[in-house]
Structures are given as structure tokens and as C-alpha cells.
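**Q** First the structure, then my questions, so here it is.
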Amino acid sequence: MTGSETGPNLVGFRINHRTMRADTRRLAELADRVATGQIGYDRRRAGALRTYVRLLCDGIHHHHRMEDEVLWPVLERSAADEIDLRELSDDHASLDPVLDEARAAVDDVVAVFASGGAGGERARVAAGRLATVLAHLRDLLDEHIEEEERLVFPVIRRYVSVADWNTVERAVRKGGALRFELPRIERYAQPDEWAELKRTAGPVLRLTLAALRPGFRRREARVFGG
């Protein structure tokens with residue numbers, strides 16, 4: 001989502017934040033249901049879960065790295081006296097070990113299921129650990145993103161040029177896993193936001209989604225059921 005002639009358009013960033021928060025919450029709830037025996041899981045679904053969690057963690061890390069390396073320098077050039085970014089950067093650094101914990105925890109889930117432990121105590125313990133880590137990640141993201149949007153978005157709107165904003169958004173898109181990110185943007189965008197994205201991107205968005213949506217929905221159903 002690029003800027004408009006009247007200033008940076010933050011719709012794409014806002015949706016990206018929403019997808020990270022919503023999917024982390026959704027996965028934490030799923031892991032808790034597996035841990036408490038509310039839903040059955042098997043080796044194949046555990047493998048799909050690992051892929052999903054790792055893609056999510058990689059996406060969160062990439063987003064925050066692009067903020068540190070691309071967006072923050074833009075803000076420092078455009079509005080250095082208007083905002084202090086140190087706490088937000090510290091948040092990014094503190095999130096990385098939690099992302100690593102989530103990756104390790106979901107690897108443990110897969111290892112237990114691969115060894116034939118589906119439905120047993122070891123599986124419940126592993127899923128419980130994953131649920132705890134994801135709940136912690138959820139809470140950190142909620143706090144960080146709410147603070148970031150409160151502090152940073154007004155400064156972007158007031159001081160950042162459309163050209164600079166477009167550079168930021170291109171950098172964020174460049175390293176993302178499109179097959180994973182784009183269908184999730186479609187899922188979590190509000191109707192007016194999605195209409196705006198379609199107007200901006202044109203037929204390319206529709207054609208790309210048509211190609212990516214079936215594979216994503218199969219992966220999503222394997223992880224969450226349905």
C-alpha cells in the first residue's frame with residue numbers, strides 16, 4: 001500500500017500489525033486447546049503448525065527489522081525532534097528471543113508427535129509450553145504495536161514524504177513471504193481497507209490472490225481445522 005498525493009497512507013501497515021497480533025492470539029488459543037485435550041492433533045497437523053508458526057515469527061522479525069533499518073532512519077531525518085524511538089527499538093530487541101522461544105517450542109511439539117506421542121502427556125506438555133510462549137508473544141506485541149501506532153503514526157502523517165513512505169513499504173514487502181502474508185492481509189483487512197487496497201493495486205492483486213489463496217487455505221485448515 002503506497003502513499004497518496006495527500007500524504008503517506010498507513011492502511012497497509014495497520015493491517016500488517018493487525019495480522020501479527022490476531023494470528024499470534026489465534027495460535028496461542030489453538031495450542032492451549034491442544035494442551036488441554038479439547039482438540040485432537042496428529043503428526044501431519046503438527047508439521048503444518050510448525051510451518052505456520054515459523055512463517056509468522058519470520059514475518060514479525062522482518063517487519064521490525066525493516067522498521068529499525070528503514071523506517072526509523074526516515075523518521076530521524078524527517079522529525080528527529082518530535083519522537084524518541086529508543087524504547088520501540090528496545091522492544092524489537094526484546095521480542096527476538098521470544099520469537100526464538102516460539103520456534104523452539106513448536107519444534108518440540110513436532111518432535112513429540114513424530115515420536116508417536118500424539119495424545120499423550122508429553123504432547124500436552126509440549127503444546128502447553130508453546131501456548132505459554134505464544135501468549136507471552138501476544139501480550140508483548142499488543143503493548144508494542146499499540147504504543148507504536150500511538151507515537152509513530154501521527155509523526156509519519158505529519159512529517160514523512162510520500163516518496164520516503166513508499167521506500168519504507170517497498171522494503172517491507174521485498175523480504176516478506178508473499179504466499180503467507182497476502183492471504184492473511186485479505187483475512188484481516190476491514191471491508192473499506194480491502195476495497196482501498198484493491199483500488200490501489202488493481203488487477204494484479206486479484207490475480208495474485210487467486211493463485212495463492214487455495215494453497216494458503218489448505219495450510220490454514222490443516223493447522224486450525226475446518
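We label chains A, B, ... in the order they appear in the C-alpha cells, count residues from 1 in each chain, and number ligands from 1 in the order shown.
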Env of stretch 14-16 of chain A: 7 Å cut, atoms = only C-alpha atoms, seq-sep filter 3 positions within chain, self excluded. Answer as a compact mmCIF listing (two decimals) with C-alpha atoms, in the first residue's frame.
**A**
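Contents of around.txt, as written:
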# COMPACT_ATOMS: atom_id res chain seq x y z
CA LEU A 10 -0.88 3.82 6.61
CA VAL A 11 -3.57 1.29 5.78
CA THR A 19 -2.40 -9.74 11.20
CA MET A 20 0.58 -10.22 13.52
CA ILE A 185 -3.96 -9.41 4.75
CA TYR A 188 -7.79 -9.35 8.48
CA ALA A 189 -8.46 -6.22 6.44
**Q** From the options A:Pro154, A:Gly37, A:Gly176, A:Gly47, which residue's atoms come nearest to A:Ala114, counting only C-alpha atoms?
**A** A:Gly47
**Q** When you look at stretch 98-101 of chain A with a cut-off of 7 Å (counting only C-alpha atoms), what residues show up, excluding the ones that are within fewer than 5 positions of it in the same chain? I need them as JSON, numbers by chain.
**A** {"A": [57, 133, 137]}
**Q** For the selection you just gave me, I'd like the residues written to a file as a JSON list (two decimals), in the first residue's frame, keeping N, CA and C atoms.
**A**
[["chain", "number", "residue", "atom", "x", "y", "z"],
["A", 57, "CYS", "N", 6.63, -15.97, 12.84],
["A", 57, "CYS", "CA", 7.78, -15.41, 13.56],
["A", 57, "CYS", "C", 8.74, -14.71, 12.60],
["A", 133, "VAL", "N", 4.36, -19.61, 25.53],
["A", 133, "VAL", "CA", 5.27, -18.72, 24.80],
["A", 133, "VAL", "C", 4.49, -17.82, 23.86],
["A", 137, "LEU", "N", 4.20, -13.77, 23.71],
["A", 137, "LEU", "CA", 4.44, -13.01, 22.48],
["A", 137, "LEU", "C", 3.24, -12.14, 22.15]]
**Q** In terms of the shortest atom-to-atom distance over only C-alpha atoms, which of A:Leu88, A:Ile39, A:Ala126, A:Ala131 is closest to A:Glu146?
**A** A:Leu88
**Q** Compile the contact shell of A:Leu205 as a ChimeraX atom specification: residues with an atom at most 12 Å away, counting only C-alpha atoms, same-chain residues fewer than 5 positions apart removed.
**A** /A:1,178,182-183,185-186,194-200,210-213
**Q** Smallest atom-to-atom distance to A:Arg50: which of A:Arg158, A:Lys174, A:Arg219, A:His62, using only C-alpha atoms?
**A**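 For A:Arg50, the nearest of the candidates is A:Arg219.
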**Q** Using only C-alpha atoms, which protein or nucleic acid residues come within 7 Å of stretch 63-68 of chain A? Drop anything in the same chain fewer than 5 positions from it, and give the result as number ranges by chain.
**A** A: 89, 92, 171-172
**Q** Selection from above, C-alpha atoms, as a PDB file, in the first residue's frame, can you write it?
**A**
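Saved to out09.pdb:
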ATOM      1  CA  SER A  89      13.831  -0.305  19.252  1.00  0.00           C
ATOM      2  CA  HIS A  92      12.168  -5.088  18.953  1.00  0.00           C
ATOM      3  CA  ALA A 171      11.406  -2.567   1.777  1.00  0.00           C
ATOM      4  CA  VAL A 172       8.800  -4.251   3.983  1.00  0.00           C
TER       5      VAL A 172
END
